[in-house]
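Asks: Pasting start29.cif below, which is mmCIF, C-alpha atoms and all ligand atoms.
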```cif
data_entry
#
loop_
_atom_site.label_atom_id
_atom_site.label_comp_id
_atom_site.auth_asym_id
_atom_site.auth_seq_id
_atom_site.Cartn_x
_atom_site.Cartn_y
_atom_site.Cartn_z
CA PHE X 1 27.06 140.27 7.66
CA SER X 2 30.34 140.25 9.53
CA VAL X 3 31.63 138.15 12.37
CA ALA X 4 34.99 139.94 12.48
CA ALA X 5 36.13 141.81 15.57
CA PRO X 6 35.60 145.59 15.32
CA GLN X 7 39.29 146.49 14.87
CA VAL X 8 39.63 144.50 11.63
CA ARG X 9 36.14 144.82 10.16
CA GLY X 10 36.27 146.05 6.54
CA LYS X 11 40.01 145.57 6.07
CA SER X 12 41.28 143.69 3.03
CA ALA X 13 44.59 143.42 1.25
CA GLN X 14 44.11 144.49 -2.35
CA ASP X 15 47.51 143.89 -3.77
CA ASN X 16 47.65 145.59 -7.17
CA ILE X 17 51.13 144.13 -7.76
CA PHE X 18 50.00 140.51 -7.59
CA ALA X 19 46.81 141.40 -9.50
CA ALA X 20 48.79 142.89 -12.43
CA ASN X 21 51.21 139.96 -12.32
CA ASN X 22 48.32 137.47 -12.48
CA ARG X 23 46.92 139.22 -15.57
CA ALA X 24 50.36 139.20 -17.22
CA VAL X 25 50.89 135.49 -16.50
CA ALA X 26 47.41 134.60 -17.79
CA LEU X 27 48.03 136.53 -21.02
CA ALA X 28 51.49 134.97 -21.47
CA ASP X 29 49.92 131.51 -21.16
CA LYS X 30 47.45 132.46 -23.89
CA ILE X 31 49.59 134.29 -26.46
CA GLY X 32 53.15 133.29 -25.51
CA LYS X 33 55.71 134.56 -23.03
CA ASP X 34 57.72 136.38 -25.70
CA LYS X 35 54.79 138.68 -26.54
CA VAL X 36 54.21 139.91 -22.98
CA ILE X 37 56.32 142.33 -20.93
CA ASN X 38 55.78 141.65 -17.25
CA GLY X 39 57.45 144.40 -15.24
CA THR X 40 55.50 143.72 -12.05
CA VAL X 41 57.50 140.93 -10.42
CA GLY X 42 59.82 141.82 -7.53
CA SER X 43 62.08 138.80 -8.02
CA ILE X 44 65.13 138.41 -10.25
CA LEU X 45 64.26 136.70 -13.51
CA ASP X 46 66.92 135.67 -16.02
CA GLU X 47 66.99 136.74 -19.66
CA ASP X 48 64.59 133.86 -20.53
CA GLY X 49 62.07 134.93 -17.90
CA ASN X 50 62.87 132.17 -15.39
CA LEU X 51 63.25 132.77 -11.66
CA VAL X 52 66.95 132.98 -10.76
CA GLU X 53 67.99 130.45 -8.13
CA LEU X 54 71.54 131.01 -6.87
CA GLU X 55 73.50 127.79 -7.48
CA VAL X 56 75.40 127.91 -4.19
CA VAL X 57 72.08 128.15 -2.35
CA LYS X 58 70.53 125.32 -4.36
CA GLU X 59 73.51 123.09 -3.58
CA ALA X 60 73.31 123.88 0.14
CA TYR X 61 69.65 122.86 0.13
CA ALA X 62 70.55 119.55 -1.49
CA ARG X 63 72.99 118.84 1.36
CA LEU X 64 70.42 119.38 4.14
CA THR X 65 69.47 116.32 6.19
CA PRO X 66 65.77 115.71 6.91
CA ARG X 67 66.48 116.63 10.51
CA GLN X 68 67.95 120.00 9.51
CA ILE X 69 64.77 120.66 7.61
CA ILE X 70 62.10 119.45 10.03
CA ALA X 71 63.43 120.10 13.55
CA TYR X 72 62.15 123.15 15.41
CA ALA X 73 64.66 125.99 15.43
CA PRO X 74 65.16 127.92 18.68
CA ILE X 75 62.69 130.81 18.90
CA GLN X 76 65.44 133.41 18.68
CA GLY X 77 67.00 131.45 15.81
CA TYR X 78 70.04 129.16 15.61
CA GLU X 79 73.01 130.93 17.15
CA LYS X 80 75.20 130.33 14.11
CA PHE X 81 72.46 131.61 11.84
CA LEU X 82 72.19 134.84 13.84
CA GLU X 83 75.96 135.29 13.79
CA SER X 84 75.96 134.72 10.03
CA CYS X 85 73.20 137.31 9.54
CA ILE X 86 75.16 139.90 11.53
CA ASP X 87 78.30 139.07 9.60
CA GLN X 88 76.70 139.08 6.16
CA CYS X 89 74.70 142.19 6.88
CA PHE X 90 77.53 144.42 8.09
CA GLY X 91 80.55 142.95 6.32
CA GLU X 92 83.56 145.07 7.24
CA SER X 93 81.36 147.90 8.54
CA ARG X 94 80.12 146.45 11.81
CA PRO X 95 79.00 149.38 13.97
CA ASP X 96 80.31 149.80 17.52
CA GLY X 97 77.93 148.76 20.28
CA TYR X 98 75.87 145.83 21.50
CA ILE X 99 74.61 143.87 18.52
CA ASN X 100 71.95 141.18 18.81
CA ALA X 101 69.69 139.44 16.35
CA CYS X 102 66.37 137.59 16.38
CA ALA X 103 65.18 135.40 13.52
CA THR X 104 62.08 136.65 11.70
CA PRO X 105 60.04 135.46 8.73
CA GLY X 106 61.70 137.70 6.14
CA GLY X 107 62.17 141.42 6.42
CA THR X 108 58.41 141.68 6.88
CA GLY X 109 58.65 139.88 10.22
CA ALA X 110 61.37 142.26 11.38
CA LEU X 111 59.23 145.27 10.46
CA HIS X 112 56.23 143.71 12.20
CA HIS X 113 58.01 143.26 15.51
CA ALA X 114 59.75 146.63 15.39
CA ILE X 115 56.43 148.44 14.88
CA HIS X 116 54.58 146.34 17.48
CA ASN X 117 57.23 146.53 20.16
CA TYR X 118 58.59 150.05 19.88
CA SER X 119 55.51 152.16 19.06
CA ALA X 120 52.40 152.51 21.20
CA ASP X 121 48.75 152.11 20.25
CA GLY X 122 47.71 155.09 18.08
CA ASP X 123 51.29 156.33 17.52
CA GLU X 124 52.44 157.70 14.20
CA VAL X 125 55.15 155.68 12.44
CA LEU X 126 57.31 157.67 10.04
CA ILE X 127 58.07 156.49 6.49
CA THR X 128 59.06 158.16 3.20
CA ASP X 129 56.51 159.27 0.61
CA TRP X 130 58.00 156.81 -1.90
CA HIS X 131 57.64 153.51 -0.09
CA TRP X 132 56.84 149.83 -0.42
CA GLY X 133 53.03 149.50 -0.21
CA ALA X 134 53.16 146.82 2.50
CA TYR X 135 54.37 149.43 5.02
CA ASP X 136 50.87 150.93 5.08
CA SER X 137 49.25 147.67 6.26
CA LEU X 138 52.11 146.80 8.60
CA ILE X 139 51.52 150.13 10.34
CA ASP X 140 47.73 150.21 10.11
CA TYR X 141 47.03 146.64 11.28
CA PRO X 142 48.23 147.15 14.87
CA ASN X 143 46.41 150.51 15.04
CA ARG X 144 49.31 152.84 14.34
CA LYS X 145 49.12 155.76 11.91
CA VAL X 146 51.23 156.33 8.81
CA ALA X 147 53.15 159.61 8.78
CA SER X 148 55.34 160.38 5.78
CA PHE X 149 57.88 162.94 4.61
CA GLN X 150 59.22 163.83 1.17
CA PHE X 151 62.06 161.38 0.54
CA LEU X 152 63.90 163.32 -2.16
CA THR X 153 64.57 166.99 -2.90
CA GLU X 154 63.77 168.46 -6.31
CA ASP X 155 67.38 167.87 -7.33
CA GLY X 156 67.25 164.24 -6.24
CA HIS X 157 68.87 163.97 -2.82
CA PHE X 158 67.67 162.83 0.60
CA HIS X 159 65.39 165.55 1.97
CA VAL X 160 66.91 166.01 5.41
CA ASP X 161 64.88 169.17 6.17
CA ALA X 162 61.58 167.38 5.51
CA PHE X 163 62.81 164.52 7.70
CA ARG X 164 63.82 166.84 10.57
CA GLU X 165 60.51 168.69 10.47
CA LYS X 166 58.48 165.47 10.76
CA VAL X 167 60.66 163.96 13.47
CA GLU X 168 60.39 167.08 15.64
CA ASP X 169 56.65 167.35 15.01
CA ILE X 170 55.90 163.71 15.90
CA LEU X 171 58.13 163.74 18.97
CA SER X 172 56.31 166.80 20.29
CA ARG X 173 53.32 164.48 20.69
CA GLN X 174 54.84 161.03 21.31
CA LYS X 175 57.45 159.50 23.56
CA ASN X 176 58.76 157.08 20.93
CA ILE X 177 59.26 157.58 17.24
CA VAL X 178 59.66 154.57 14.95
CA ILE X 179 61.10 155.41 11.52
CA ILE X 180 61.38 152.98 8.62
CA LEU X 181 63.99 154.05 6.07
CA ASN X 182 64.37 151.89 2.99
CA GLY X 183 67.35 153.98 1.95
CA VAL X 184 69.34 151.24 0.22
CA ALA X 185 68.21 150.51 -3.35
CA ASN X 186 64.84 151.88 -2.37
CA ASN X 187 61.65 150.15 -3.46
CA PRO X 188 60.15 151.67 -5.63
CA THR X 189 62.71 154.27 -6.79
CA GLY X 190 66.15 152.64 -6.68
CA TYR X 191 67.55 155.62 -4.76
CA CYS X 192 70.48 154.89 -2.42
CA MET X 193 71.27 157.20 0.46
CA SER X 194 74.94 158.15 0.78
CA VAL X 195 76.92 157.63 4.00
CA GLU X 196 76.62 161.39 4.58
CA GLU X 197 72.84 161.24 4.20
CA TRP X 198 72.58 158.40 6.73
CA GLN X 199 74.83 160.43 9.02
CA ALA X 200 72.48 163.41 8.64
CA VAL X 201 69.56 161.17 9.70
CA VAL X 202 71.42 160.06 12.79
CA ASP X 203 72.42 163.68 13.58
CA VAL X 204 68.79 164.79 13.42
CA LEU X 205 67.77 162.01 15.81
CA LYS X 206 70.64 162.78 18.19
CA HIS X 207 69.80 166.46 18.18
CA THR X 208 66.10 165.74 18.83
CA VAL X 209 66.27 163.12 21.58
CA GLU X 210 69.68 163.28 23.29
CA GLY X 211 69.24 163.96 27.02
CA LYS X 212 65.45 164.02 26.68
CA ASP X 213 62.77 161.63 27.87
CA LYS X 214 62.14 160.54 24.25
CA ASN X 215 63.27 157.52 22.24
CA ALA X 216 64.02 157.11 18.55
CA VAL X 217 63.94 153.71 16.87
CA LEU X 218 65.41 153.78 13.39
CA ILE X 219 64.77 150.83 11.09
CA PRO X 220 67.02 150.71 8.03
CA ASP X 221 65.18 148.33 5.71
CA VAL X 222 68.00 146.72 3.72
CA ALA X 223 66.01 144.18 1.70
CA TYR X 224 67.99 144.94 -1.49
CA LEU X 225 71.40 145.48 0.14
CA ASP X 226 73.13 142.69 -1.79
CA TYR X 227 72.27 144.28 -5.12
CA SER X 228 73.06 147.86 -4.19
CA GLY X 229 76.75 148.14 -5.05
CA GLU X 230 80.23 146.80 -4.37
CA LYS X 231 80.00 144.53 -1.30
CA GLN X 232 82.02 146.52 1.23
CA GLU X 233 81.40 149.96 -0.24
CA CYS X 234 77.59 149.68 -0.07
CA ARG X 235 77.81 148.62 3.59
CA ARG X 236 79.91 151.56 4.80
CA PHE X 237 76.86 153.46 6.07
CA PHE X 238 76.27 150.88 8.84
CA LYS X 239 79.14 152.47 10.79
CA VAL X 240 77.04 155.57 11.51
CA PHE X 241 74.79 153.54 13.82
CA GLY X 242 77.59 152.92 16.31
CA GLY X 243 78.13 154.85 19.54
CA LEU X 244 74.73 156.59 19.60
CA PRO X 245 72.97 157.80 22.77
CA LYS X 246 71.12 155.03 24.60
CA ASN X 247 67.71 156.38 23.64
CA ILE X 248 68.41 155.76 19.95
CA LEU X 249 68.02 152.15 18.91
CA THR X 250 68.73 150.98 15.38
CA ILE X 251 66.99 147.84 14.14
CA VAL X 252 68.16 146.60 10.76
CA ALA X 253 65.47 144.67 8.85
CA TYR X 254 67.56 141.96 7.19
CA THR X 255 66.21 139.29 4.86
CA LEU X 256 67.33 136.23 2.90
CA SER X 257 64.51 136.77 0.39
CA LYS X 258 66.55 138.59 -2.24
CA GLY X 259 70.21 138.14 -1.20
CA PHE X 260 69.82 134.35 -1.11
CA THR X 261 66.91 134.19 -3.61
CA LEU X 262 64.82 132.55 -0.89
CA TYR X 263 61.68 134.69 -1.23
CA GLY X 264 59.21 131.95 -0.30
CA GLN X 265 61.27 130.43 2.49
CA ARG X 266 60.34 133.38 4.69
CA GLN X 267 63.57 133.89 6.58
CA GLY X 268 65.29 137.01 7.83
CA ALA X 269 66.39 138.67 11.03
CA MET X 270 66.02 141.86 12.99
CA ILE X 271 69.41 143.10 14.10
CA GLY X 272 69.53 145.54 17.02
CA ILE X 273 72.39 148.01 17.49
CA THR X 274 72.61 149.94 20.77
CA SER X 275 75.18 151.41 23.10
CA ASP X 276 73.24 150.29 26.16
CA ALA X 277 73.35 146.81 27.74
CA ASP X 278 69.80 147.03 29.09
CA VAL X 279 68.38 148.05 25.73
CA ALA X 280 70.28 145.15 24.12
CA LYS X 281 68.89 142.61 26.58
CA GLU X 282 65.41 144.04 26.30
CA PHE X 283 65.67 143.83 22.49
CA VAL X 284 66.14 140.06 22.65
CA ASP X 285 63.62 139.56 25.46
CA ILE X 286 60.68 141.43 23.97
CA ASN X 287 61.19 140.34 20.40
CA GLN X 288 61.62 136.70 21.31
CA TYR X 289 58.47 137.00 23.41
CA ALA X 290 56.62 138.53 20.44
CA SER X 291 57.83 135.69 18.20
CA ARG X 292 56.50 133.13 20.67
CA ALA X 293 53.19 134.97 20.61
CA THR X 294 52.90 135.25 16.80
CA TRP X 295 54.75 132.81 14.51
CA SER X 296 56.78 130.94 17.17
CA ASN X 297 59.90 129.57 15.47
CA CYS X 298 61.19 130.38 12.00
CA ASN X 299 62.26 128.14 9.12
CA SER X 300 64.97 125.62 10.10
CA ALA X 301 65.92 124.70 6.52
CA ALA X 302 66.65 128.27 5.42
CA GLN X 303 68.64 128.95 8.59
CA ASN X 304 70.72 125.81 8.10
CA VAL X 305 71.36 126.71 4.47
CA MET X 306 72.75 130.05 5.55
CA ILE X 307 74.88 128.38 8.23
CA ASP X 308 76.22 125.92 5.65
CA ILE X 309 77.22 128.66 3.19
CA CYS X 310 78.59 131.13 5.71
CA SER X 311 80.80 128.61 7.48
CA ASP X 312 82.88 128.22 4.30
CA SER X 313 84.61 131.27 2.82
CA ALA X 314 84.82 129.62 -0.62
CA LYS X 315 81.03 129.29 -0.69
CA VAL X 316 80.59 132.89 0.41
CA ALA X 317 82.91 133.94 -2.42
CA ARG X 318 80.76 132.00 -4.88
CA LEU X 319 77.62 133.57 -3.41
CA ASP X 320 79.12 137.03 -3.88
CA ALA X 321 80.13 136.24 -7.46
CA GLU X 322 76.66 134.93 -8.35
CA ARG X 323 74.98 137.95 -6.79
CA ASN X 324 77.37 140.23 -8.61
CA LYS X 325 76.27 138.76 -11.93
CA CYS X 326 72.65 139.55 -11.05
CA PHE X 327 73.61 143.04 -9.89
CA LYS X 328 75.34 143.70 -13.21
CA LEU X 329 72.48 142.29 -15.27
CA ILE X 330 69.94 144.46 -13.44
CA GLY X 331 72.19 147.48 -13.94
CA GLU X 332 72.41 146.81 -17.69
CA ARG X 333 68.65 146.55 -17.97
CA ALA X 334 68.19 149.77 -16.01
CA ALA X 335 70.76 151.55 -18.20
CA ILE X 336 68.85 150.60 -21.37
CA PHE X 337 65.62 151.95 -19.93
CA MET X 338 67.13 155.16 -18.59
CA GLU X 339 68.92 156.00 -21.83
CA GLU X 340 65.81 155.41 -23.92
CA ALA X 341 63.63 157.23 -21.38
CA LYS X 342 65.78 160.35 -21.71
CA ASP X 343 65.41 160.20 -25.51
CA ALA X 344 61.66 159.63 -25.24
CA GLY X 345 61.18 162.40 -22.66
CA VAL X 346 59.97 160.03 -19.95
CA LYS X 347 60.95 161.25 -16.48
CA PHE X 348 62.10 158.86 -13.77
CA VAL X 349 63.09 159.26 -10.12
CA PRO X 350 66.92 159.17 -9.69
CA TYR X 351 67.80 155.46 -9.89
CA ILE X 352 71.06 154.20 -8.46
CA SER X 353 70.50 150.48 -7.93
CA GLY X 354 67.96 147.89 -6.94
CA PHE X 355 65.00 146.05 -8.37
CA PHE X 356 62.78 148.98 -9.42
CA ILE X 357 62.64 152.25 -11.35
CA THR X 358 59.81 154.72 -10.77
CA ILE X 359 58.21 157.01 -13.32
CA PRO X 360 56.60 159.85 -11.35
CA LEU X 361 53.27 161.00 -12.78
CA GLU X 362 49.61 161.60 -12.05
CA GLY X 363 47.12 159.20 -13.59
CA ALA X 364 49.26 156.06 -13.23
CA GLN X 365 46.27 153.72 -13.44
CA LYS X 366 45.17 155.16 -16.80
CA VAL X 367 48.68 154.86 -18.23
CA CYS X 368 48.98 151.26 -17.01
CA ASP X 369 45.59 150.45 -18.55
CA CYS X 370 46.85 151.79 -21.90
CA LEU X 371 50.08 149.80 -21.58
CA GLU X 372 48.16 146.60 -20.90
CA LYS X 373 46.48 147.01 -24.31
CA ASP X 374 50.03 146.78 -25.67
CA ASN X 375 50.72 143.64 -23.53
CA VAL X 376 52.92 145.59 -21.10
CA PHE X 377 52.24 145.15 -17.39
CA LEU X 378 53.61 147.63 -14.84
CA VAL X 379 52.48 148.59 -11.34
CA PRO X 380 50.39 151.76 -10.88
CA MET X 381 51.03 153.60 -7.60
CA LYS X 382 49.56 156.78 -6.10
CA LYS X 383 52.36 159.00 -7.40
CA GLY X 384 53.72 157.07 -10.33
CA ILE X 385 54.44 153.78 -12.08
CA ARG X 386 56.83 151.10 -10.89
CA LEU X 387 58.92 149.16 -13.38
CA ALA X 388 60.66 146.00 -12.11
CA VAL X 389 64.06 146.07 -13.79
CA CYS X 390 64.89 142.86 -11.93
CA SER X 391 62.47 140.91 -14.07
CA VAL X 392 62.38 142.43 -17.59
CA SER X 393 65.01 141.09 -20.00
CA LYS X 394 67.33 143.40 -21.92
CA ALA X 395 65.62 142.45 -25.19
CA LYS X 396 62.22 143.40 -23.79
CA MET X 397 63.58 146.54 -22.16
CA LYS X 398 64.49 147.89 -25.60
CA GLY X 399 61.61 150.03 -26.80
CA LEU X 400 59.79 150.00 -23.47
CA ALA X 401 60.43 153.70 -22.80
CA ALA X 402 58.86 154.59 -26.17
CA LYS X 403 55.82 152.47 -25.33
CA LEU X 404 55.56 154.29 -22.01
CA ALA X 405 55.83 157.68 -23.71
CA ALA X 406 53.03 156.71 -26.08
CA ALA X 407 50.83 155.44 -23.23
CA ILE X 408 51.43 158.61 -21.19
CA GLU X 409 50.37 160.66 -24.21
CA ALA X 410 47.33 158.47 -24.93
CA ALA X 411 46.21 158.61 -21.30
CA GLY X 412 46.74 162.38 -21.16
CA ALA X 413 48.80 161.86 -17.99
N1 LIG I 1 61.29 145.76 2.37
C1 LIG I 1 61.05 146.07 1.11
C2 LIG I 1 61.21 147.48 0.68
C3 LIG I 1 60.63 145.09 0.20
O1 LIG I 1 60.39 145.43 -1.07
C4 LIG I 1 60.48 143.77 0.64
C5 LIG I 1 60.01 142.74 -0.28
O2 LIG I 1 59.50 142.94 -1.33
C6 LIG I 1 60.77 143.50 1.99
C7 LIG I 1 61.17 144.52 2.83
C8 LIG I 1 60.73 142.20 2.67
O3 LIG I 1 60.37 141.11 2.04
P1 LIG I 1 60.46 139.71 2.79
O4 LIG I 1 59.49 139.75 3.91
O5 LIG I 1 60.11 138.75 1.72
O6 LIG I 1 61.84 139.56 3.26
#
```
What do you get writing this file as structure tokens?
Ligand code: PLP
Replies:
Amino acid sequence: FSVAAPQVRGKSAQDNIFAANNRAVALADKIGKDKVINGTVGSILDEDGNLVELEVVKEAYARLTPRQIIAYAPIQGYEKFLESCIDQCFGESRPDGYINACATPGGTGALHHAIHNYSADGDEVLITDWHWGAYDSLIDYPNRKVASFQFLTEDGHFHVDAFREKVEDILSRQKNIVIILNGVANNPTGYCMSVEEWQAVVDVLKHTVEGKDKNAVLIPDVAYLDYSGEKQECRRFFKVFGGLPKNILTIVAYTLSKGFTLYGQRQGAMIGITSDADVAKEFVDINQYASRATWSNCNSAAQNVMIDICSDSAKVARLDAERNKCFKLIGERAAIFMEEAKDAGVKFVPYISGFFITIPLEGAQKVCDCLEKDNVFLVPMKKGIRLAVCSVSKAKMKGLAAKLAAAIEAAGA
């Protein structure tokens, strides 16, 4: 018996990441945390398995007045918050053009609005084959269709030919193409696109839509930006989004979830970059309207925390230093795994930085089932297994590749 409206009947979110995490936590409670390896969690945990809370962020929260916490924020977001997001996002690589931002609940909110407001009912939305699972629901829920292309070539670079082919194909049928590219410390692979690869993306779009009655909306999803490399160096690619034709709009999905360790505070922003004044105004108008019609205002406390930190360069320096420690720690953990994986003959997708490493294989579920018998919890995906290097300590990382090799053998994968 169902009372649901026809368009949502039968839908359900079966999140295998949270399911595996729940099993890991339950087992750790029973036999002890030290005996369980939980590589499912997409948050930074320290070497003792505790959630990392950046000190400078914690201190800013302690300074908030009740009013800063409870008052409604403007629907678009506090002006200073939006300026801080733009500043923190681009650093020294602010692209040329009109730049506007709207507050959203995390990067998810930015993706939601971009899909809703720039693709039409039934349109295909383009993503990479390796992608964060939530993209599928974000695209499916408003009745759009997932279209994907091969992210990486056999020798481990951005597959620009596969991208071009899909863009041209989709635009032969649609007026607008929305593309989500999580090309910075990609979830789940850890691949980072180079400035040249981002430039190639932009060149394909220019070539396909310039002077035509078609629009391209490119969404760089930069959720893991702050852990993707040296602060200014890893932001250089933003420059390629400046000075584009007016029918190419870039919307950066920016979030405080990881960069400020504020996962549960649900705060982020969508940042529009365009060379056209009308498109810039429309960006604010339609997205603010959509906010009013969905979640209304965003979280005042998180916005005020960001304002507090970003209005003081000493605090920003501390923030950078704290993040840098996490970045280094994650890199050390990843290095242990990759070195041992090479010795154990376990393949992985080229990892550069970020929270996850992917082991590409068929039969991921079977392998993960075998690993769970050994108290190791990883995330099975369609085309491989995801290991959260952000949450497994260096001590636990040692020997993990060998366990994986044994499980792959036992599962016949
Ligand atoms: N994009 C990617 C690839 C992610 O992995 C995540 C979080 O896991 C997000 C965006 C956005 O998360 P949030 O909505 O918490 O900012």
Asks: Might you pull out every residue within 9 Å of X:Ser84, with all atoms listed in the file counted and same-chain residues fewer than 6 positions away left off, and present them as a ChimeraX atom specification?
Replies: /X:306-307,310-311
Asks: Residues within 7 Å of ligand LIG 1 (chain I) (only C-alpha atoms and all ligand atoms), as a list in words?
Replies: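 So, counting only C-alpha atoms and all ligand atoms, the residues near ligand LIG 1 (chain I) are Gly42, Pro105, Gly106, Gly107, Thr108, Gly109, Trp132, Asn182, Asn186, Asn187, Asp221, Val222, Ala223, Thr255, Leu256, Ser257, Tyr263, Arg266, Gln267 and Gly268 of chain X.
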Asks: Out of X:Glu197, X:Gln88, X:Ala406, X:Ser172, which residue has the shortest atom-to-atom distance to X:Phe237 when counting all atoms listed in the file?
Replies: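 Ranking X:Glu197, X:Gln88, X:Ala406, X:Ser172 by distance to X:Phe237, first place goes to X:Glu197.
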Asks: Would you list the contacts of X:Lys246 as a list in words, taking every protein, DNA or RNA residue within 8 Å and counting only C-alpha atoms, but skipping same-chain residues closer than 2 positions in sequence?
Replies: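 The residues that qualify are Leu244, Ile248, Leu249, Thr274, Ser275, Asp276 and Val279 of chain X.
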Asks: Under the rule that all atoms listed in the file are counted, which of X:Cys368, X:Ala334, X:Leu181, X:Ile286 is the nearest residue to X:Lys394?
Replies: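 Going through X:Cys368, X:Ala334, X:Leu181, X:Ile286 one by one, the smallest distance to X:Lys394 is for X:Ala334.
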Asks: For X:Ala101, work out the shell of residues within 6 Å, counting only C-alpha atoms and skipping chain neighbours fewer than 2 positions away, then give it as a ChimeraX atom specification.
Replies: /X:82,270-271
Asks: With distances taken over only C-alpha atoms, which residue among X:Val252, X:Gln303, X:Glu340, X:Asn287 lies nearest X:Leu64?
Replies: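 Using only C-alpha atoms, X:Leu64 sits closest to X:Gln303.
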Asks: Just want the 8 Å neighbourhood of stretch 152-167 of chain X, counted on only C-alpha atoms, with same-chain residues fewer than 2 positions away dropped. Output as a list in words.
Replies: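 My list of contacting residues is Leu126, Ser148, Phe149, Gln150, Asp169, Ile170, Leu171, Ile177, Met193, Glu197, Ala200, Val201, Val204, Leu205, Thr208, Val349 and Pro350 of chain X.
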Asks: With distances taken over only C-alpha atoms, which of X:Thr294, X:Ser393, X:Asn375, X:Gln365 is nearest to X:Ala24?
Replies: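 Between X:Thr294, X:Ser393, X:Asn375, X:Gln365, the residue approaching X:Ala24 most closely is X:Asn375.
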Asks: Please report the interatomic distance between atom CA of X:Leu319 and atom CA of X:Cys89 in Å with one decimal.
Replies: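 Computing it gives 13.7 Å between the two atoms.
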Asks: Please identify all polymer residues within 12 Å of X:Ser93, counting all atoms listed in the file, omitting same-chain residues fewer than 6 positions from it, and present them as number ranges by chain.
Replies: X: 86-87, 195, 231-242
Asks: Atom CA of X:Ile330 to atom CA of X:Phe355: how many Å, to one decimal?
Replies: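 Separating atom CA of X:Ile330 from atom CA of X:Phe355 is a distance of 7.3 Å.
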Asks: Can you work out which one of X:Leu371, X:Ala71, X:Leu225, X:Cys102 has the shortest atom-to-atom distance to X:Asn324, counting all atoms listed in the file?
Replies: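 Using all atoms listed in the file, X:Asn324 sits closest to X:Leu225.
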Asks: Taking into account all atoms listed in the file, which residue in the set X:Ile251, X:Ile352, X:Leu111, X:Ala413 is nearest to X:Val184?
Replies: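 Among X:Ile251, X:Ile352, X:Leu111, X:Ala413, it is X:Ile352 that comes nearest to X:Val184.
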Asks: Kindly give the distance, in Å, that separates atom CA of X:Arg9 and atom CA of X:Ala293, rounded to a single decimal.
Replies: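 Going from atom CA of X:Arg9 over to atom CA of X:Ala293, I get 22.3 Å.
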Asks: Counting only C-alpha atoms, which residues have an atom no more than 8 Å from (52.8, 162.4, -6.9) in the file's coordinates? Please list them as a PyMOL selection string.
Replies: chain X and resi 360-362+382-384
